[in-house]
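Undergrad: Dropping in protein23.txt, which is compact mmCIF, C-alpha atoms (C1' of nucleotides):
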# COMPACT_ATOMS: atom_id res chain seq x y z
CA MET G 279 135.45 37.26 93.18
CA ALA G 280 136.95 36.76 89.78
CA THR G 281 140.64 36.04 89.86
CA ARG G 282 141.32 37.44 86.42
CA LEU G 283 140.35 40.76 84.98
CA ASP G 284 138.92 39.30 81.82
CA GLU G 285 136.46 37.13 83.73
CA LEU G 286 134.58 40.27 84.66
CA PRO G 287 131.68 41.50 82.55
CA GLY G 288 131.88 44.73 80.63
CA ARG G 289 134.85 46.82 79.72
CA ARG G 290 138.17 45.41 80.73
CA CYS G 291 139.36 47.88 83.29
CA SER G 292 141.24 47.99 86.53
CA ILE G 293 138.43 49.96 88.16
CA ALA G 294 136.26 46.92 87.63
CA GLY G 295 139.06 44.77 88.97
CA ALA G 296 139.39 46.93 92.05
CA LEU G 297 135.65 46.92 92.64
CA ASP G 298 135.58 43.17 92.30
CA VAL G 299 137.91 42.94 95.30
CA VAL G 300 136.76 45.85 97.34
CA GLY G 301 133.46 46.96 95.85
CA ASP G 302 130.97 45.34 98.17
CA ARG G 303 129.07 46.92 100.97
CA TRP G 304 131.50 46.16 103.79
CA ALA G 305 135.01 45.81 102.41
CA LEU G 306 135.98 49.47 102.45
CA LEU G 307 134.34 50.01 105.81
CA ILE G 308 136.47 47.20 107.18
CA VAL G 309 139.58 48.82 105.75
CA ARG G 310 138.49 52.10 107.30
CA GLU G 311 138.09 50.47 110.70
CA VAL G 312 141.43 48.70 110.58
CA SER G 313 143.12 51.92 109.49
CA LEU G 314 141.54 53.65 112.48
CA GLY G 315 143.10 51.10 114.80
CA ALA G 316 140.33 48.53 115.13
CA HIS G 317 142.26 45.31 114.68
CA ARG G 318 140.14 42.77 116.49
CA PHE G 319 137.06 41.03 115.23
CA SER G 320 134.77 42.56 117.81
CA GLU G 321 136.09 46.07 117.26
CA ILE G 322 135.60 45.84 113.50
CA LEU G 323 132.19 44.35 114.10
CA ARG G 324 131.12 47.28 116.17
CA GLY G 325 132.72 49.89 113.96
CA THR G 326 131.18 48.66 110.74
CA GLY G 327 127.85 47.36 112.00
CA ALA G 328 128.12 44.39 109.68
CA PRO G 329 126.49 41.08 110.58
CA ARG G 330 128.98 38.68 112.15
CA GLU G 331 128.82 36.13 109.40
CA ARG G 332 129.33 38.78 106.71
CA LEU G 333 132.27 40.13 108.62
CA THR G 334 133.88 36.69 108.82
CA ALA G 335 133.39 36.20 105.11
CA ARG G 336 134.70 39.62 104.12
CA LEU G 337 137.69 39.42 106.43
CA ASN G 338 138.64 36.08 104.91
CA ALA G 339 138.15 37.42 101.39
CA LEU G 340 140.24 40.49 102.11
CA VAL G 341 142.98 38.35 103.62
CA GLY G 342 142.81 36.17 100.52
CA ALA G 343 143.05 39.22 98.29
CA GLY G 344 146.12 40.44 100.14
CA VAL G 345 144.48 43.55 101.54
CA LEU G 346 144.55 42.42 105.15
CA GLU G 347 146.94 40.26 107.06
CA ARG G 348 145.66 37.97 109.76
CA ARG G 349 147.92 37.57 112.77
CA GLU G 350 147.28 34.93 115.38
CA TYR G 351 148.20 36.48 118.64
CA SER G 352 147.10 33.54 120.74
CA GLN G 353 146.69 29.86 120.00
CA ASN G 354 144.91 28.86 123.16
CA PRO G 355 142.25 30.09 122.76
CA PRO G 356 142.67 30.80 119.04
CA ARG G 357 142.69 34.58 118.67
CA ALA G 358 143.63 36.63 115.66
CA ASP G 359 143.70 40.24 114.68
CA TYR G 360 143.88 41.97 111.35
CA HIS G 361 146.30 44.49 109.91
CA LEU G 362 146.58 46.37 106.65
CA THR G 363 149.11 45.05 104.19
CA ARG G 364 150.90 47.31 101.76
CA SER G 365 148.00 46.80 99.40
CA GLY G 366 145.56 47.73 102.15
CA LEU G 367 147.49 50.87 102.96
CA ASP G 368 147.36 51.81 99.31
CA LEU G 369 143.57 51.84 99.61
CA LEU G 370 143.63 54.82 101.93
CA PRO G 371 143.53 57.34 99.07
CA VAL G 372 140.34 55.68 97.91
CA LEU G 373 138.86 56.17 101.37
CA GLN G 374 140.05 59.75 101.42
CA ALA G 375 138.41 60.38 98.06
CA LEU G 376 135.18 58.75 99.12
CA MET G 377 135.17 60.68 102.34
CA GLN G 378 135.67 63.95 100.57
CA TRP G 379 132.83 63.16 98.22
CA GLY G 380 130.60 62.02 101.06
CA ASP G 381 131.37 65.15 103.02
CA ARG G 382 130.32 67.32 100.15
CA HIS G 383 127.41 65.42 98.72
CA VAL G 384 125.98 63.15 101.37
CA ALA G 385 126.87 63.96 104.92
CA ASP G 386 125.33 66.45 107.26
CA THR G 387 128.56 66.82 109.23
CA PRO G 388 131.85 65.08 108.63
CA PRO G 389 132.41 63.10 111.81
CA VAL G 390 135.86 61.65 111.16
CA GLU G 391 138.55 64.11 110.28
CA LEU G 392 141.91 63.52 108.74
CA HIS G 393 144.71 65.65 110.03
CA HIS G 394 148.36 66.10 109.42
CA HIS G 395 150.69 68.74 110.73
CA GLY G 396 147.90 69.74 113.05
CA HIS G 397 145.41 70.95 110.49
CA ARG G 398 142.52 69.36 108.74
CA ILE G 399 143.32 67.99 105.31
CA ALA G 400 141.65 69.32 102.21
CA ALA G 401 143.12 67.42 99.38
CA SER G 402 143.38 67.57 95.62
CA TRP G 403 144.74 65.21 93.08
CA VAL G 404 147.89 66.54 91.61
CA CYS G 405 149.64 65.06 88.64
CA ASP G 406 153.15 63.89 89.47
CA VAL G 407 154.37 64.61 85.97
CA CYS G 408 153.40 68.23 85.49
CA GLY G 409 152.39 69.22 89.00
CA GLU G 410 149.00 70.47 87.95
CA ARG G 411 145.76 69.88 89.67
CA ILE G 412 143.64 67.25 88.05
CA GLY G 413 140.16 68.40 87.34
CA ARG G 414 137.34 67.83 85.00
CA GLU G 415 139.31 68.69 81.92
CA THR G 416 141.16 65.41 82.13
CA GLU G 417 141.12 63.68 78.79
CA ARG G 418 140.15 60.10 78.99
CA HIS G 419 142.07 58.02 76.56
CA VAL G 420 140.32 54.79 75.84
CA PRO G 421 142.50 52.58 73.71
CA ASP G 422 140.62 51.28 70.71
CA HIS G 423 140.38 47.57 71.16
CA SER G 424 138.61 47.01 67.88
CA GLU G 425 141.52 44.97 66.60
CA PRO G 426 141.03 41.32 67.47
CA GLY G 427 142.70 39.77 70.48
CA HIS G 428 141.81 42.35 73.07
CA GLY G 429 138.14 41.58 73.40
CA PRO G 430 137.21 44.74 75.25
CA LEU G 431 133.47 44.96 75.10
CA PRO G 432 131.91 41.51 75.10
CA ARG G 433 128.60 41.69 73.32
CA MET Z 595 119.53 53.48 100.43
CA ALA Z 596 119.31 55.29 103.69
CA THR Z 597 118.53 58.94 103.35
CA ARG Z 598 120.22 59.98 106.56
CA LEU Z 599 123.68 59.20 107.74
CA ASP Z 600 122.57 58.06 111.14
CA GLU Z 601 120.32 55.40 109.71
CA LEU Z 602 123.39 53.49 108.67
CA PRO Z 603 124.89 50.83 110.92
CA GLY Z 604 128.29 51.27 112.49
CA ARG Z 605 130.39 54.33 112.90
CA ARG Z 606 128.78 57.52 111.73
CA CYS Z 607 130.97 58.49 108.83
CA SER Z 608 130.72 60.05 105.43
CA ILE Z 609 132.60 57.15 103.91
CA ALA Z 610 129.68 54.97 104.93
CA GLY Z 611 127.33 57.59 103.54
CA ALA Z 612 129.18 57.66 100.25
CA LEU Z 613 129.21 53.88 100.02
CA ASP Z 614 125.52 53.80 100.71
CA VAL Z 615 124.95 55.81 97.56
CA VAL Z 616 127.68 54.54 95.35
CA GLY Z 617 129.03 51.41 97.03
CA ASP Z 618 127.26 48.70 95.13
CA ARG Z 619 128.59 46.55 92.37
CA TRP Z 620 127.52 48.68 89.43
CA ALA Z 621 127.23 52.31 90.49
CA LEU Z 622 130.83 53.34 90.02
CA LEU Z 623 131.11 51.39 86.79
CA ILE Z 624 128.12 53.33 85.50
CA VAL Z 625 129.79 56.59 86.47
CA ARG Z 626 132.94 55.41 84.71
CA GLU Z 627 131.01 54.65 81.54
CA VAL Z 628 129.19 57.95 81.51
CA SER Z 629 132.43 59.80 82.14
CA LEU Z 630 133.91 57.96 79.16
CA GLY Z 631 131.13 59.24 76.95
CA ALA Z 632 128.62 56.41 77.12
CA HIS Z 633 125.40 58.31 77.69
CA ARG Z 634 122.75 55.95 76.34
CA PHE Z 635 121.23 52.98 78.06
CA SER Z 636 122.58 50.47 75.59
CA GLU Z 637 126.09 51.91 75.68
CA ILE Z 638 126.22 51.80 79.46
CA LEU Z 639 124.75 48.32 79.34
CA ARG Z 640 127.52 47.09 77.13
CA GLY Z 641 130.27 48.96 78.91
CA THR Z 642 129.38 47.73 82.37
CA GLY Z 643 128.06 44.27 81.57
CA ALA Z 644 125.31 44.73 84.14
CA PRO Z 645 121.98 42.95 83.72
CA ARG Z 646 119.39 45.23 82.13
CA GLU Z 647 117.09 45.33 85.11
CA ARG Z 648 119.97 46.15 87.47
CA LEU Z 649 121.06 48.90 85.16
CA THR Z 650 117.58 50.41 85.10
CA ALA Z 651 117.44 50.29 88.88
CA ARG Z 652 120.90 51.74 89.41
CA LEU Z 653 120.41 54.50 86.86
CA ASN Z 654 117.21 55.54 88.59
CA ALA Z 655 118.88 55.41 91.99
CA LEU Z 656 121.83 57.48 90.78
CA VAL Z 657 119.49 60.01 89.25
CA GLY Z 658 117.60 60.10 92.53
CA ALA Z 659 120.83 60.61 94.44
CA GLY Z 660 121.80 63.49 92.17
CA VAL Z 661 124.81 61.79 90.66
CA LEU Z 662 123.34 61.49 87.19
CA GLU Z 663 120.95 63.64 85.26
CA ARG Z 664 118.46 62.07 82.90
CA ARG Z 665 117.74 64.01 79.74
CA GLU Z 666 114.90 63.08 77.45
CA TYR Z 667 116.14 63.69 73.96
CA SER Z 668 113.08 62.30 72.26
CA GLN Z 669 109.48 61.92 73.31
CA ASN Z 670 108.30 59.77 70.47
CA PRO Z 671 109.60 57.16 71.02
CA PRO Z 672 110.60 58.00 74.60
CA ARG Z 673 114.38 58.13 74.67
CA ALA Z 674 116.66 59.42 77.38
CA ASP Z 675 120.33 59.66 78.03
CA TYR Z 676 122.35 60.20 81.15
CA HIS Z 677 124.92 62.80 82.10
CA LEU Z 678 127.08 63.44 85.13
CA THR Z 679 125.94 66.18 87.46
CA ARG Z 680 128.35 68.22 89.51
CA SER Z 681 128.13 65.54 92.16
CA GLY Z 682 128.87 62.87 89.57
CA LEU Z 683 131.87 64.77 88.29
CA ASP Z 684 133.14 65.00 91.84
CA LEU Z 685 133.26 61.22 91.89
CA LEU Z 686 136.00 61.11 89.30
CA PRO Z 687 138.77 61.33 91.90
CA VAL Z 688 137.31 58.23 93.52
CA LEU Z 689 137.52 56.44 90.18
CA GLN Z 690 141.04 57.70 89.69
CA ALA Z 691 142.05 56.39 93.11
CA LEU Z 692 140.40 53.04 92.50
CA MET Z 693 142.04 52.77 89.12
CA GLN Z 694 145.44 53.51 90.52
CA TRP Z 695 144.95 50.86 93.19
CA GLY Z 696 143.61 48.37 90.68
CA ASP Z 697 146.52 49.00 88.37
CA ARG Z 698 148.98 48.28 91.12
CA HIS Z 699 147.29 45.47 92.99
CA VAL Z 700 144.82 43.77 90.70
CA ALA Z 701 145.24 44.35 87.01
CA ASP Z 702 147.56 42.68 84.60
CA THR Z 703 147.63 45.71 82.32
CA PRO Z 704 145.85 49.01 82.78
CA PRO Z 705 143.61 49.24 79.74
CA VAL Z 706 142.09 52.68 80.21
CA GLU Z 707 144.50 55.54 80.57
CA LEU Z 708 143.88 59.03 81.84
CA HIS Z 709 145.73 61.77 80.06
CA HIS Z 710 146.02 65.49 80.28
CA HIS Z 711 148.40 67.80 78.52
CA GLY Z 712 149.34 64.88 76.37
CA HIS Z 713 150.90 62.69 79.00
CA ARG Z 714 149.64 59.88 81.18
CA ILE Z 715 148.58 60.94 84.63
CA ALA Z 716 150.31 59.67 87.71
CA ALA Z 717 148.60 61.33 90.57
CA SER Z 718 149.11 61.96 94.25
CA TRP Z 719 146.93 63.47 96.86
CA VAL Z 720 148.21 66.82 97.91
CA CYS Z 721 146.94 68.82 100.81
CA ASP Z 722 145.51 72.15 99.76
CA VAL Z 723 146.50 73.74 103.03
CA CYS Z 724 150.20 72.99 103.24
CA GLY Z 725 150.91 71.68 99.77
CA GLU Z 726 152.41 68.46 101.04
CA ARG Z 727 151.80 65.03 99.69
CA ILE Z 728 149.45 62.96 101.73
CA GLY Z 729 150.83 59.61 102.67
CA ARG Z 730 150.51 56.97 105.26
CA GLU Z 731 151.63 59.20 108.08
CA THR Z 732 148.29 60.99 108.01
CA GLU Z 733 146.89 61.22 111.49
CA ARG Z 734 143.36 60.09 111.75
CA HIS Z 735 141.42 62.17 114.18
CA VAL Z 736 138.36 60.37 115.42
CA PRO Z 737 136.24 62.69 117.52
CA ASP Z 738 135.27 61.08 120.80
CA HIS Z 739 131.53 60.73 120.73
CA SER Z 740 131.34 59.24 124.20
CA GLU Z 741 129.40 62.21 125.44
CA PRO Z 742 125.67 61.56 125.08
CA GLY Z 743 123.76 62.79 122.09
CA HIS Z 744 126.09 61.73 119.34
CA GLY Z 745 125.50 58.01 119.44
CA PRO Z 746 128.50 57.01 117.42
CA LEU Z 747 128.91 53.30 117.80
CA PRO Z 748 125.55 51.62 118.26
CA ARG Z 749 126.06 48.45 120.24
C1' DA C 493 133.26 24.79 141.69
C1' DC C 494 129.97 27.70 139.95
C1' DT C 495 128.52 31.98 137.56
C1' DG C 496 128.83 35.38 134.26
C1' DG C 497 131.30 37.78 130.77
C1' DT C 498 134.41 38.17 126.62
C1' DT C 499 136.19 36.62 122.25
C1' DG C 500 136.00 34.88 117.60
C1' DG C 501 133.55 32.73 115.32
C1' DT C 502 129.56 29.05 113.01
C1' DT C 503 124.81 27.60 112.02
C1' DC C 504 120.14 28.43 111.02
C1' DG C 505 115.94 29.55 108.47
C1' DA C 506 113.73 33.66 106.56
C1' DT C 507 114.05 37.36 103.51
C1' DA C 508 115.99 40.35 99.96
C1' DT C 509 118.73 40.95 96.02
C1' DT C 510 120.47 39.68 91.69
C1' DC C 511 120.55 37.00 87.89
C1' DG C 512 119.80 35.74 82.68
C1' DA C 513 116.42 35.20 79.40
C1' DA C 514 112.26 36.31 77.41
C1' DC C 515 109.12 39.71 76.26
C1' DC C 516 107.17 44.42 74.77
C1' DG C 517 105.85 48.63 72.32
C1' DG C 518 107.16 52.37 69.63
C1' DG C 519 109.95 53.69 65.77
C1' DT C 520 113.06 53.24 61.69
C1' DG C 521 115.21 51.17 57.33
C1' DC C 522 114.42 48.34 53.40
C1' DG Q 1262 105.43 43.64 55.52
C1' DC Q 1263 109.53 42.45 57.97
C1' DA Q 1264 113.52 42.72 60.47
C1' DC Q 1265 115.96 45.25 63.71
C1' DC Q 1266 117.17 48.99 67.24
C1' DC Q 1267 116.08 51.10 71.64
C1' DG Q 1268 114.92 51.48 76.40
C1' DG Q 1269 112.99 49.26 79.22
C1' DT Q 1270 109.63 45.29 82.14
C1' DT Q 1271 108.52 40.90 83.68
C1' DC Q 1272 109.52 36.33 85.12
C1' DG Q 1273 111.04 32.46 87.98
C1' DA Q 1274 115.33 30.58 89.64
C1' DA Q 1275 119.60 31.20 92.04
C1' DT Q 1276 122.27 33.62 95.27
C1' DA Q 1277 123.44 36.76 98.98
C1' DT Q 1278 122.33 38.78 103.09
C1' DC Q 1279 120.12 39.18 107.22
C1' DG Q 1280 119.45 38.88 112.61
C1' DA Q 1281 119.39 35.78 116.18
C1' DA Q 1282 120.86 31.85 118.37
C1' DC Q 1283 124.42 28.90 119.41
C1' DC Q 1284 129.23 27.31 120.57
C1' DA Q 1285 133.89 26.33 122.57
C1' DA Q 1286 137.54 28.22 124.96
C1' DC Q 1287 139.15 31.05 128.34
C1' DC Q 1288 139.12 34.32 132.43
C1' DA Q 1289 137.76 36.80 136.73
C1' DG Q 1290 135.16 36.89 140.84
C1' DT Q 1291 133.17 34.53 144.78
Could you render the structure from this file as structure tokens?
TA:
Amino acid sequence: MATRLDELPGRRCSIAGALDVVGDRWALLIVREVSLGAHRFSEILRGTGAPRERLTARLNALVGAGVLERREYSQNPPRADYHLTRSGLDLLPVLQALMQWGDRHVADTPPVELHHHGHRIAASWVCDVCGERIGRETERHVPDHSEPGHGPLPR
Amino acid sequence: MATRLDELPGRRCSIAGALDVVGDRWALLIVREVSLGAHRFSEILRGTGAPRERLTARLNALVGAGVLERREYSQNPPRADYHLTRSGLDLLPVLQALMQWGDRHVADTPPVELHHHGHRIAASWVCDVCGERIGRETERHVPDHSEPGHGPLPR
DNA sequence: ACTGGTTGGTTCGATATTCGAACCGGGTGC
DNA sequence: GCACCCGGTTCGAATATCGAACCAACCAGT
């Protein structure tokens, strides 16, 4: 895991930064499990299906990245569980977006449902500024880093 | 890449399905590049910073998964470029969510900005059903698969 | 006291993935 | 002819990931 954005290859971009923290096979599944109430090692293990050693490594990395918080709830024997930090909670929209995409383009049936107010959620991105739905027409504005000092696209 | 959701380890879930398609180090960066207008191999190569052979493999996989479409624009010499399919376009909210998280929790400065109607986007998830913003209070409804036949949490 | 089970890991050796760098073949510009 | 671009392949080395076994500490039952 690179600690700084500009240590990553390719375009300097916070998507790359996010993926560097959370873009491996298990990280988001771990966040999903913890958000569903699986706080203990064995619960997360079962929920994700990750190998034990991978789980240990990813849990430590996520704690180090500030996504999870490790709480020792017993010292003898040493026992800990894991909780989402603020940063981890802020990942839930990513999960929601992935789930929506998976529901539409991968899954046979959506097995985990998100509810609020008693109905199933179907969500859209809405711009806070103008209140409009964000769709394909979004203009992507890529700042031109051709002036020296920004080093955007390492060749 | 598993073709069926139930070949994946852990909880049966479309998030896992989505990550199986798009959850590796380069896939979402490739989608980002294509969405930014980088359609040719060399452009995507430079934009992502991926090794050439990885890029070839991921492009093929994404085409196979229906996220990208490969268009031959010349036969002699053989030249192709890559475009987002409907499925690929539907991934943009995932990128948006990741970017927002990266901006807040990883990046120093957000270098790529999304605009529409001339202003920078700040987005929220809004439920299509009731129009309310989706926040942390969302209730997660995990269907109980304890009855036989669903096999939810392989032990 | 002995047995078996649970919990949160670590260790191991085998296998799979990923890497950068070099190469390639067709085509174009000079 | 010669260099260079383009979209890849090929290579061997390095790294990550895997499942399975092991472990230390504790607890509950007998």
Undergrad: Please, what distance in Å, to one decimal, runs between CA of Ala655 (chain Z) and CA of Arg634 (chain Z)?
TA: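 Between these atoms lies a distance of 16.1 Å.
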Undergrad: Using CA of Ala305 (chain G) and CA of Arg357 (chain G) as the two end points, give the distance in Å to one decimal.
TA: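 One can read the CA of Ala305 (chain G) to CA of Arg357 (chain G) distance as 21.2 Å.
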Undergrad: Let me make sure I understand: among Z:Ser636, Z:Gln694, Z:Ser629, Z:Thr642, which one has the smallest atom-to-atom distance to chain G if we use only C-alpha atoms?
TA: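 Of Z:Ser636, Z:Gln694, Z:Ser629, Z:Thr642, the one nearest chain G, counting only C-alpha atoms, is Z:Thr642.
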Undergrad: Given a cut-off of 10 Å, which residues of chain Q touch chain G, counting all atoms listed in the file, written out as a PyMOL selection string?
TA: chain Q and resi 1277-1280+1285-1287
Undergrad: Residues of chain C no more than 12 Å from chain G, counting all atoms listed in the file: send them over as a ChimeraX atom specification.
TA: /C:498-504
Undergrad: When you draw a straight line from CA of Pro287 (chain G) to CA of Leu692 (chain Z), how long is it in Å?
TA: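 Separation between CA of Pro287 (chain G) and CA of Leu692 (chain Z): 17.6 Å.
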Undergrad: For the point (129.9, 57.6, 104.3) in file coordinates, what residues are within 9 Å, counting all atoms listed in the file? Give the answer as a list in words?
TA: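 Checking each residue against the 9 Å limit leaves Leu307, Leu376, Met377, Trp379, Gly380, Asp381, Val384, Ala385 and Pro388 of chain G; Leu599, Leu602, Arg606, Cys607, Ser608, Ile609, Ala610, Gly611, Ala612, Leu613, Asp614 and Val615 of chain Z.
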Undergrad: Between Z:Asn654, Z:Gln690, Z:Thr679, Z:Ser668, which residue has the minimum interatomic distance to chain G, considering only C-alpha atoms?
TA: Z:Gln690
Undergrad: Nearest to chain G: which of Z:Asp618, Z:Glu663, Z:Glu627, Z:Glu637 is it, counting all atoms listed in the file?
TA: Z:Asp618
Undergrad: Considering all atoms listed in the file, return as a PyMOL selection string whatever protein or nucleic-acid residues lie within 9 Å of DC511 (chain C), sequence-local ones (same chain, fewer than 4 positions apart) excluded.
TA: (chain Z and resi 645) or (chain Q and resi 1274-1276)
Undergrad: Missing atoms in region 314-328 of chain G: fill them in up to N, CA, C and O atoms and send the result as a short mmCIF file (atom, residue, chain, number, x, y, z; two decimals), keeping the file's coordinate frame.
TA:
data_model
loop_
_atom_site.label_atom_id
_atom_site.label_comp_id
_atom_site.auth_asym_id
_atom_site.auth_seq_id
_atom_site.Cartn_x
_atom_site.Cartn_y
_atom_site.Cartn_z
N LEU G 314 141.77 52.80 111.29
CA LEU G 314 141.54 53.65 112.48
C LEU G 314 142.00 52.96 113.76
O LEU G 314 141.81 53.49 114.85
N GLY G 315 142.56 51.76 113.62
CA GLY G 315 143.10 51.10 114.80
C GLY G 315 142.25 49.98 115.35
O GLY G 315 142.58 49.40 116.38
N ALA G 316 141.15 49.66 114.68
CA ALA G 316 140.33 48.53 115.13
C ALA G 316 140.88 47.26 114.49
O ALA G 316 140.66 47.02 113.32
N HIS G 317 141.61 46.49 115.26
CA HIS G 317 142.26 45.31 114.68
C HIS G 317 141.58 44.01 115.03
O HIS G 317 141.78 43.02 114.35
N ARG G 318 140.75 44.01 116.07
CA ARG G 318 140.14 42.77 116.49
C ARG G 318 138.74 42.63 115.92
O ARG G 318 138.06 43.61 115.63
N PHE G 319 138.37 41.36 115.79
CA PHE G 319 137.06 41.03 115.23
C PHE G 319 135.94 41.87 115.84
O PHE G 319 135.16 42.51 115.13
N SER G 320 135.90 41.89 117.17
CA SER G 320 134.77 42.56 117.81
C SER G 320 134.80 44.06 117.58
O SER G 320 133.75 44.69 117.46
N GLU G 321 135.99 44.63 117.51
CA GLU G 321 136.09 46.07 117.26
C GLU G 321 135.58 46.40 115.85
O GLU G 321 134.81 47.35 115.66
N ILE G 322 136.02 45.59 114.89
CA ILE G 322 135.60 45.84 113.50
C ILE G 322 134.10 45.62 113.38
O ILE G 322 133.39 46.36 112.69
N LEU G 323 133.62 44.63 114.09
CA LEU G 323 132.19 44.35 114.10
C LEU G 323 131.40 45.57 114.54
O LEU G 323 130.42 45.98 113.90
N ARG G 324 131.84 46.15 115.64
CA ARG G 324 131.12 47.28 116.17
C ARG G 324 131.25 48.52 115.27
O ARG G 324 130.30 49.25 115.03
N GLY G 325 132.46 48.71 114.77
CA GLY G 325 132.72 49.89 113.96
C GLY G 325 131.98 49.88 112.64
O GLY G 325 131.54 50.92 112.15
N THR G 326 131.85 48.71 112.05
CA THR G 326 131.18 48.66 110.74
C THR G 326 129.68 48.47 110.87
O THR G 326 128.93 48.94 110.03
N GLY G 327 129.25 47.71 111.90
CA GLY G 327 127.85 47.36 112.00
C GLY G 327 127.45 46.21 111.10
O GLY G 327 126.28 45.93 110.92
N ALA G 328 128.42 45.53 110.54
CA ALA G 328 128.12 44.39 109.68
C ALA G 328 127.65 43.20 110.50
O ALA G 328 128.01 43.07 111.66
#
